[in-house]
>>> print(open('start39.csv').read())   # CSV, N, CA and C atoms
chain,number,residue,atom,x,y,z
A,1,MET,N,0.8,-1.2,0.0
A,1,MET,CA,0.0,0.0,0.0
A,1,MET,C,0.9,1.2,0.0
A,2,ILE,N,0.5,2.2,-0.8
A,2,ILE,CA,1.3,3.4,-0.9
A,2,ILE,C,0.8,4.4,0.0
A,3,VAL,N,1.7,5.0,0.8
A,3,VAL,CA,1.3,6.0,1.8
A,3,VAL,C,2.1,7.3,1.5
A,4,ILE,N,1.3,8.4,1.4
A,4,ILE,CA,1.9,9.7,1.2
A,4,ILE,C,1.5,10.6,2.3
A,5,ASN,N,2.5,11.1,3.0
A,5,ASN,CA,2.2,12.0,4.1
A,5,ASN,C,2.2,13.4,3.6
A,6,VAL,N,1.0,14.1,3.8
A,6,VAL,CA,0.9,15.5,3.3
A,6,VAL,C,1.5,16.4,4.4
A,7,LYS,N,2.4,17.1,3.9
A,7,LYS,CA,3.1,18.0,4.9
A,7,LYS,C,2.2,19.3,5.1
A,8,GLU,N,2.6,20.0,6.2
A,8,GLU,CA,1.8,21.2,6.5
A,8,GLU,C,2.1,22.2,5.5
A,9,ASN,N,1.0,22.9,5.1
A,9,ASN,CA,1.0,24.0,4.0
A,9,ASN,C,1.5,23.4,2.6
A,10,GLU,N,1.3,22.1,2.4
A,10,GLU,CA,1.6,21.6,1.1
A,10,GLU,C,0.3,21.4,0.3
A,11,SER,N,0.3,21.9,-0.9
A,11,SER,CA,-0.9,21.8,-1.7
A,11,SER,C,-1.3,20.4,-2.1
A,12,ILE,N,-2.5,20.2,-2.3
A,12,ILE,CA,-3.0,18.8,-2.7
A,12,ILE,C,-2.4,18.4,-4.0
A,13,ASP,N,-2.3,19.4,-4.9
A,13,ASP,CA,-1.7,19.0,-6.2
A,13,ASP,C,-0.3,18.5,-6.1
A,14,ARG,N,0.5,19.1,-5.2
A,14,ARG,CA,1.9,18.6,-5.0
A,14,ARG,C,1.9,17.2,-4.4
A,15,ALA,N,1.0,17.0,-3.5
A,15,ALA,CA,0.9,15.6,-2.8
A,15,ALA,C,0.4,14.6,-3.8
A,16,LEU,N,-0.5,15.0,-4.7
A,16,LEU,CA,-1.0,14.1,-5.7
A,16,LEU,C,0.1,13.8,-6.7
A,17,LYS,N,0.9,14.7,-7.0
A,17,LYS,CA,2.0,14.5,-8.0
A,17,LYS,C,3.0,13.5,-7.4
A,18,ARG,N,3.3,13.6,-6.1
A,18,ARG,CA,4.2,12.7,-5.4
A,18,ARG,C,3.6,11.3,-5.4
A,19,PHE,N,2.3,11.2,-5.2
A,19,PHE,CA,1.6,9.9,-5.2
A,19,PHE,C,1.7,9.3,-6.5
A,20,LYS,N,1.4,10.0,-7.6
A,20,LYS,CA,1.5,9.5,-9.0
A,20,LYS,C,2.9,9.0,-9.3
A,21,LYS,N,3.9,9.7,-8.9
A,21,LYS,CA,5.3,9.3,-9.1
A,21,LYS,C,5.6,8.0,-8.4
A,22,LYS,N,5.2,7.9,-7.2
A,22,LYS,CA,5.4,6.7,-6.4
A,22,LYS,C,4.7,5.5,-7.0
A,23,PHE,N,3.4,5.8,-7.4
A,23,PHE,CA,2.6,4.7,-8.0
A,23,PHE,C,3.2,4.2,-9.3
A,24,GLU,N,3.7,5.1,-10.1
A,24,GLU,CA,4.4,4.7,-11.4
A,24,GLU,C,5.6,3.9,-11.1
A,25,ARG,N,6.4,4.2,-10.1
A,25,ARG,CA,7.6,3.4,-9.8
A,25,ARG,C,7.3,2.0,-9.4
A,26,THR,N,6.2,1.8,-8.7
A,26,THR,CA,5.8,0.4,-8.3
A,26,THR,C,5.6,-0.5,-9.4
A,27,GLY,N,5.1,0.0,-10.6
A,27,GLY,CA,4.9,-0.8,-11.7
A,27,GLY,C,3.6,-1.6,-11.7
A,28,VAL,N,2.6,-1.1,-10.9
A,28,VAL,CA,1.4,-1.8,-10.8
A,28,VAL,C,0.6,-1.8,-12.1
A,29,LEU,N,0.5,-0.7,-12.8
A,29,LEU,CA,-0.2,-0.6,-14.0
A,29,LEU,C,0.4,-1.5,-15.1
A,30,ARG,N,1.7,-1.5,-15.1
A,30,ARG,CA,2.5,-2.3,-16.1
A,30,ARG,C,2.1,-3.8,-16.0
A,31,GLU,N,2.1,-4.2,-14.7
A,31,GLU,CA,1.8,-5.6,-14.4
A,31,GLU,C,0.4,-5.9,-14.7
A,32,LEU,N,-0.5,-5.0,-14.4
A,32,LEU,CA,-1.9,-5.2,-14.7
A,32,LEU,C,-2.2,-5.3,-16.2
A,33,ARG,N,-1.5,-4.5,-17.0
A,33,ARG,CA,-1.7,-4.6,-18.4
A,33,ARG,C,-1.1,-5.9,-19.0
A,34,ALA,N,0.0,-6.3,-18.4
A,34,ALA,CA,0.6,-7.6,-18.8
A,34,ALA,C,-0.2,-8.8,-18.5
A,35,ARG,N,-1.0,-8.7,-17.5
A,35,ARG,CA,-1.9,-9.8,-17.0
A,35,ARG,C,-3.2,-9.9,-17.7
A,36,THR,N,-3.5,-8.9,-18.5
A,36,THR,CA,-4.8,-8.9,-19.2
A,36,THR,C,-4.9,-10.0,-20.2
A,37,PHE,N,-3.8,-10.4,-20.8
A,37,PHE,CA,-3.9,-11.5,-21.8
A,37,PHE,C,-2.7,-12.4,-21.5
A,38,TYR,N,-2.8,-13.6,-21.9
A,38,TYR,CA,-1.7,-14.6,-21.7
A,38,TYR,C,-0.7,-14.5,-22.9
A,39,GLU,N,0.5,-14.5,-22.6
A,39,GLU,CA,1.6,-14.5,-23.6
A,39,GLU,C,2.5,-15.7,-23.3
A,40,LYS,N,2.7,-16.4,-24.4
A,40,LYS,CA,3.6,-17.6,-24.2
A,40,LYS,C,5.0,-17.2,-23.8
A,41,PRO,N,5.7,-18.0,-23.0
A,41,PRO,CA,7.0,-17.7,-22.6
A,41,PRO,C,8.0,-17.5,-23.7
A,42,SER,N,7.8,-18.2,-24.8
A,42,SER,CA,8.7,-18.1,-26.0
A,42,SER,C,8.5,-16.7,-26.6
A,43,ILE,N,7.3,-16.2,-26.6
A,43,ILE,CA,7.0,-14.9,-27.2
A,43,ILE,C,7.5,-13.8,-26.3
A,44,LYS,N,7.4,-14.0,-25.0
A,44,LYS,CA,8.0,-13.0,-24.1
A,44,LYS,C,9.5,-12.9,-24.3
A,45,ARG,N,10.2,-14.0,-24.4
A,45,ARG,CA,11.6,-14.0,-24.6
A,45,ARG,C,12.0,-13.3,-25.9
A,46,ARG,N,11.2,-13.5,-26.9
A,46,ARG,CA,11.4,-12.9,-28.2
A,46,ARG,C,11.2,-11.4,-28.2
A,47,THR,N,10.2,-10.9,-27.5
A,47,THR,CA,10.0,-9.5,-27.4
A,47,THR,C,11.1,-8.8,-26.6
A,48,VAL,N,11.5,-9.5,-25.5
A,48,VAL,CA,12.6,-9.0,-24.7
A,48,VAL,C,13.9,-8.8,-25.6
A,49,LYS,N,14.2,-9.8,-26.4
A,49,LYS,CA,15.4,-9.8,-27.3
A,49,LYS,C,15.2,-8.7,-28.3
A,50,LEU,N,14.0,-8.5,-28.9
A,50,LEU,CA,13.8,-7.5,-29.9
A,50,LEU,C,14.0,-6.1,-29.3
A,51,LYS,N,13.4,-5.9,-28.1
A,51,LYS,CA,13.5,-4.6,-27.4
A,51,LYS,C,15.0,-4.3,-27.1
A,52,ALA,N,15.7,-5.3,-26.7
A,52,ALA,CA,17.2,-5.1,-26.4
A,52,ALA,C,17.9,-4.7,-27.6
A,53,ALA,N,17.6,-5.4,-28.7
A,53,ALA,CA,18.3,-5.1,-30.0
A,53,ALA,C,18.0,-3.7,-30.5
A,54,TYR,N,16.7,-3.3,-30.3
A,54,TYR,CA,16.3,-2.0,-30.7
A,54,TYR,C,17.1,-0.9,-29.9
A,55,ARG,N,17.2,-1.1,-28.6
A,55,ARG,CA,17.9,-0.2,-27.7
A,55,ARG,C,19.3,-0.1,-28.1
A,56,GLN,N,19.9,-1.2,-28.4
A,56,GLN,CA,21.3,-1.3,-28.8
A,56,GLN,C,21.5,-0.5,-30.1
A,57,TYR,N,20.6,-0.7,-31.0
A,57,TYR,CA,20.6,0.0,-32.3
A,57,TYR,C,20.6,1.5,-32.1
A,58,MET,N,19.7,1.9,-31.2
A,58,MET,CA,19.5,3.4,-31.0
A,58,MET,C,20.8,3.9,-30.3
A,59,ARG,N,21.4,3.2,-29.4
A,59,ARG,CA,22.7,3.6,-28.8
A,59,ARG,C,23.8,3.8,-29.9
A,60,ASP,N,23.8,2.8,-30.8
A,60,ASP,CA,24.8,2.8,-31.8
A,60,ASP,C,24.6,4.0,-32.7
A,61,GLN,N,23.4,4.3,-33.1
A,61,GLN,CA,23.1,5.5,-33.9
A,61,GLN,C,23.5,6.8,-33.2
A,62,GLU,N,23.2,6.8,-31.9
A,62,GLU,CA,23.6,8.0,-31.1
A,62,GLU,C,25.1,8.2,-31.1
A,63,ASN,N,25.8,7.2,-31.0
A,63,ASN,CA,27.3,7.3,-30.9
A,63,ASN,C,28.0,7.6,-32.3
A,64,ASN,N,27.3,7.3,-33.3
A,64,ASN,CA,27.9,7.6,-34.7
A,64,ASN,C,27.7,9.0,-35.1
>>> encode(input="start39.csv", output="C-alpha cells")
Amino acid sequence: MIVINVKENESIDRALKRFKKKFERTGVLRELRARTFYEKPSIKRRTVKLKAAYRQYMRDQENN
C-alpha cells in the first residue's frame, strides 16, 4: 500500500504528484496490463530480445 504524508502547508496538487510518481515506480499498471492477456514464454523472450536489440541499435546510432 502506498502511503503519502501530506506536509503542513503543502498543496493537494503537489501531494497528488508525489503519489502518482510513487505509484508509477511500483509498476502496478504495467503488471496489470501484462496480465490482461496470456503471452507464451517463448514470445515473451522474443519480445525482450527485440527490445534489447532496438535499444542497442539506438545507442549505436547516437554514438555515430
>>> atom_distance(input="start39.csv", atom1="atom C of A:Lys17", atom2="atom CA of A:Asn5")
11.6 Å
>>> atom_distance(input="start39.csv", atom1="atom N of A:Thr47", atom2="atom N of A:Arg33")
17.0 Å
>>> select_by_dssp(input="start39.csv", residues="chain A", states="helix (DSSP H, G or I)", output="CSV table (one decimal) with N, CA and C atoms, in the coordinates of the input")
chain,number,residue,atom,x,y,z
A,12,ILE,N,-2.5,20.2,-2.3
A,12,ILE,CA,-3.0,18.8,-2.7
A,12,ILE,C,-2.4,18.4,-4.0
A,13,ASP,N,-2.3,19.4,-4.9
A,13,ASP,CA,-1.7,19.0,-6.2
A,13,ASP,C,-0.3,18.5,-6.1
A,14,ARG,N,0.5,19.1,-5.2
A,14,ARG,CA,1.9,18.6,-5.0
A,14,ARG,C,1.9,17.2,-4.4
A,15,ALA,N,1.0,17.0,-3.5
A,15,ALA,CA,0.9,15.6,-2.8
A,15,ALA,C,0.4,14.6,-3.8
A,16,LEU,N,-0.5,15.0,-4.7
A,16,LEU,CA,-1.0,14.1,-5.7
A,16,LEU,C,0.1,13.8,-6.7
A,17,LYS,N,0.9,14.7,-7.0
A,17,LYS,CA,2.0,14.5,-8.0
A,17,LYS,C,3.0,13.5,-7.4
A,18,ARG,N,3.3,13.6,-6.1
A,18,ARG,CA,4.2,12.7,-5.4
A,18,ARG,C,3.6,11.3,-5.4
A,19,PHE,N,2.3,11.2,-5.2
A,19,PHE,CA,1.6,9.9,-5.2
A,19,PHE,C,1.7,9.3,-6.5
A,20,LYS,N,1.4,10.0,-7.6
A,20,LYS,CA,1.5,9.5,-9.0
A,20,LYS,C,2.9,9.0,-9.3
A,21,LYS,N,3.9,9.7,-8.9
A,21,LYS,CA,5.3,9.3,-9.1
A,21,LYS,C,5.6,8.0,-8.4
A,22,LYS,N,5.2,7.9,-7.2
A,22,LYS,CA,5.4,6.7,-6.4
A,22,LYS,C,4.7,5.5,-7.0
A,23,PHE,N,3.4,5.8,-7.4
A,23,PHE,CA,2.6,4.7,-8.0
A,23,PHE,C,3.2,4.2,-9.3
A,24,GLU,N,3.7,5.1,-10.1
A,24,GLU,CA,4.4,4.7,-11.4
A,24,GLU,C,5.6,3.9,-11.1
A,25,ARG,N,6.4,4.2,-10.1
A,25,ARG,CA,7.6,3.4,-9.8
A,25,ARG,C,7.3,2.0,-9.4
A,26,THR,N,6.2,1.8,-8.7
A,26,THR,CA,5.8,0.4,-8.3
A,26,THR,C,5.6,-0.5,-9.4
A,28,VAL,N,2.6,-1.1,-10.9
A,28,VAL,CA,1.4,-1.8,-10.8
A,28,VAL,C,0.6,-1.8,-12.1
A,29,LEU,N,0.5,-0.7,-12.8
A,29,LEU,CA,-0.2,-0.6,-14.0
A,29,LEU,C,0.4,-1.5,-15.1
A,30,ARG,N,1.7,-1.5,-15.1
A,30,ARG,CA,2.5,-2.3,-16.1
A,30,ARG,C,2.1,-3.8,-16.0
A,31,GLU,N,2.1,-4.2,-14.7
A,31,GLU,CA,1.8,-5.6,-14.4
A,31,GLU,C,0.4,-5.9,-14.7
A,32,LEU,N,-0.5,-5.0,-14.4
A,32,LEU,CA,-1.9,-5.2,-14.7
A,32,LEU,C,-2.2,-5.3,-16.2
A,33,ARG,N,-1.5,-4.5,-17.0
A,33,ARG,CA,-1.7,-4.6,-18.4
A,33,ARG,C,-1.1,-5.9,-19.0
A,34,ALA,N,0.0,-6.3,-18.4
A,34,ALA,CA,0.6,-7.6,-18.8
A,34,ALA,C,-0.2,-8.8,-18.5
A,35,ARG,N,-1.0,-8.7,-17.5
A,35,ARG,CA,-1.9,-9.8,-17.0
A,35,ARG,C,-3.2,-9.9,-17.7
A,41,PRO,N,5.7,-18.0,-23.0
A,41,PRO,CA,7.0,-17.7,-22.6
A,41,PRO,C,8.0,-17.5,-23.7
A,42,SER,N,7.8,-18.2,-24.8
A,42,SER,CA,8.7,-18.1,-26.0
A,42,SER,C,8.5,-16.7,-26.6
A,43,ILE,N,7.3,-16.2,-26.6
A,43,ILE,CA,7.0,-14.9,-27.2
A,43,ILE,C,7.5,-13.8,-26.3
A,44,LYS,N,7.4,-14.0,-25.0
A,44,LYS,CA,8.0,-13.0,-24.1
A,44,LYS,C,9.5,-12.9,-24.3
A,45,ARG,N,10.2,-14.0,-24.4
A,45,ARG,CA,11.6,-14.0,-24.6
A,45,ARG,C,12.0,-13.3,-25.9
A,46,ARG,N,11.2,-13.5,-26.9
A,46,ARG,CA,11.4,-12.9,-28.2
A,46,ARG,C,11.2,-11.4,-28.2
A,47,THR,N,10.2,-10.9,-27.5
A,47,THR,CA,10.0,-9.5,-27.4
A,47,THR,C,11.1,-8.8,-26.6
A,48,VAL,N,11.5,-9.5,-25.5
A,48,VAL,CA,12.6,-9.0,-24.7
A,48,VAL,C,13.9,-8.8,-25.6
A,49,LYS,N,14.2,-9.8,-26.4
A,49,LYS,CA,15.4,-9.8,-27.3
A,49,LYS,C,15.2,-8.7,-28.3
A,50,LEU,N,14.0,-8.5,-28.9
A,50,LEU,CA,13.8,-7.5,-29.9
A,50,LEU,C,14.0,-6.1,-29.3
A,51,LYS,N,13.4,-5.9,-28.1
A,51,LYS,CA,13.5,-4.6,-27.4
A,51,LYS,C,15.0,-4.3,-27.1
A,52,ALA,N,15.7,-5.3,-26.7
A,52,ALA,CA,17.2,-5.1,-26.4
A,52,ALA,C,17.9,-4.7,-27.6
A,53,ALA,N,17.6,-5.4,-28.7
A,53,ALA,CA,18.3,-5.1,-30.0
A,53,ALA,C,18.0,-3.7,-30.5
A,54,TYR,N,16.7,-3.3,-30.3
A,54,TYR,CA,16.3,-2.0,-30.7
A,54,TYR,C,17.1,-0.9,-29.9
A,55,ARG,N,17.2,-1.1,-28.6
A,55,ARG,CA,17.9,-0.2,-27.7
A,55,ARG,C,19.3,-0.1,-28.1
A,56,GLN,N,19.9,-1.2,-28.4
A,56,GLN,CA,21.3,-1.3,-28.8
A,56,GLN,C,21.5,-0.5,-30.1
A,57,TYR,N,20.6,-0.7,-31.0
A,57,TYR,CA,20.6,0.0,-32.3
A,57,TYR,C,20.6,1.5,-32.1
A,58,MET,N,19.7,1.9,-31.2
A,58,MET,CA,19.5,3.4,-31.0
A,58,MET,C,20.8,3.9,-30.3
A,59,ARG,N,21.4,3.2,-29.4
A,59,ARG,CA,22.7,3.6,-28.8
A,59,ARG,C,23.8,3.8,-29.9
A,60,ASP,N,23.8,2.8,-30.8
A,60,ASP,CA,24.8,2.8,-31.8
A,60,ASP,C,24.6,4.0,-32.7
A,61,GLN,N,23.4,4.3,-33.1
A,61,GLN,CA,23.1,5.5,-33.9
A,61,GLN,C,23.5,6.8,-33.2
A,62,GLU,N,23.2,6.8,-31.9
A,62,GLU,CA,23.6,8.0,-31.1
A,62,GLU,C,25.1,8.2,-31.1
A,63,ASN,N,25.8,7.2,-31.0
A,63,ASN,CA,27.3,7.3,-30.9
A,63,ASN,C,28.0,7.6,-32.3
>>> atom_distance(input="start39.csv", atom1="atom CA of A:Arg45", atom2="atom C of A:Arg30")
16.4 Å
>>> closest_residue(input="start39.csv", among="A:Val3, A:Asp60, A:Ala52, A:Ala34", to="A:Phe19", atoms="only N, CA and C atoms")
A:Val3
>>> decode(input="start39.csv", residues="chain A", atoms="C-alpha atoms", output="compact mmCIF listing (two decimals), in the first residue's frame")
# COMPACT_ATOMS: atom_id res chain seq x y z
CA MET A 1 0.00 0.00 0.00
CA ILE A 2 1.33 3.41 -0.94
CA VAL A 3 1.35 6.00 1.82
CA ILE A 4 1.88 9.69 1.15
CA ASN A 5 2.20 12.01 4.12
CA VAL A 6 0.87 15.45 3.29
CA LYS A 7 3.11 18.04 4.88
CA GLU A 8 1.83 21.17 6.53
CA ASN A 9 1.05 23.96 4.03
CA GLU A 10 1.57 21.55 1.11
CA SER A 11 -0.92 21.82 -1.71
CA ILE A 12 -3.02 18.83 -2.68
CA ASP A 13 -1.69 19.05 -6.24
CA ARG A 14 1.87 18.61 -5.02
CA ALA A 15 0.94 15.64 -2.83
CA LEU A 16 -1.01 14.10 -5.72
CA LYS A 17 2.01 14.50 -7.97
CA ARG A 18 4.18 12.69 -5.41
CA PHE A 19 1.59 9.92 -5.17
CA LYS A 20 1.46 9.48 -8.95
CA LYS A 21 5.26 9.31 -9.14
CA LYS A 22 5.43 6.69 -6.38
CA PHE A 23 2.61 4.72 -7.98
CA GLU A 24 4.35 4.73 -11.35
CA ARG A 25 7.59 3.44 -9.80
CA THR A 26 5.84 0.43 -8.27
CA GLY A 27 4.88 -0.85 -11.74
CA VAL A 28 1.35 -1.83 -10.78
CA LEU A 29 -0.22 -0.62 -14.01
CA ARG A 30 2.45 -2.27 -16.14
CA GLU A 31 1.83 -5.59 -14.42
CA LEU A 32 -1.93 -5.20 -14.71
CA ARG A 33 -1.70 -4.59 -18.44
CA ALA A 34 0.62 -7.56 -18.83
CA ARG A 35 -1.85 -9.82 -17.04
CA THR A 36 -4.82 -8.86 -19.20
CA PHE A 37 -3.88 -11.50 -21.75
CA TYR A 38 -1.71 -14.60 -21.74
CA GLU A 39 1.57 -14.48 -23.59
CA LYS A 40 3.57 -17.62 -24.19
CA PRO A 41 7.02 -17.66 -22.57
CA SER A 42 8.71 -18.07 -25.95
CA ILE A 43 7.01 -14.92 -27.23
CA LYS A 44 7.97 -13.04 -24.07
CA ARG A 45 11.62 -13.97 -24.60
CA ARG A 46 11.42 -12.93 -28.24
CA THR A 47 9.98 -9.50 -27.39
CA VAL A 48 12.64 -8.95 -24.72
CA LYS A 49 15.37 -9.76 -27.25
CA LEU A 50 13.80 -7.49 -29.88
CA LYS A 51 13.54 -4.59 -27.44
CA ALA A 52 17.16 -5.08 -26.36
CA ALA A 53 18.29 -5.14 -29.99
CA TYR A 54 16.33 -1.95 -30.68
CA ARG A 55 17.86 -0.17 -27.70
CA GLN A 56 21.33 -1.26 -28.79
CA TYR A 57 20.64 -0.03 -32.33
CA MET A 58 19.52 3.35 -30.99
CA ARG A 59 22.65 3.64 -28.82
CA ASP A 60 24.83 2.81 -31.83
CA GLN A 61 23.06 5.45 -33.89
CA GLU A 62 23.56 8.01 -31.15
CA ASN A 63 27.29 7.30 -30.92
CA ASN A 64 27.89 7.60 -34.67
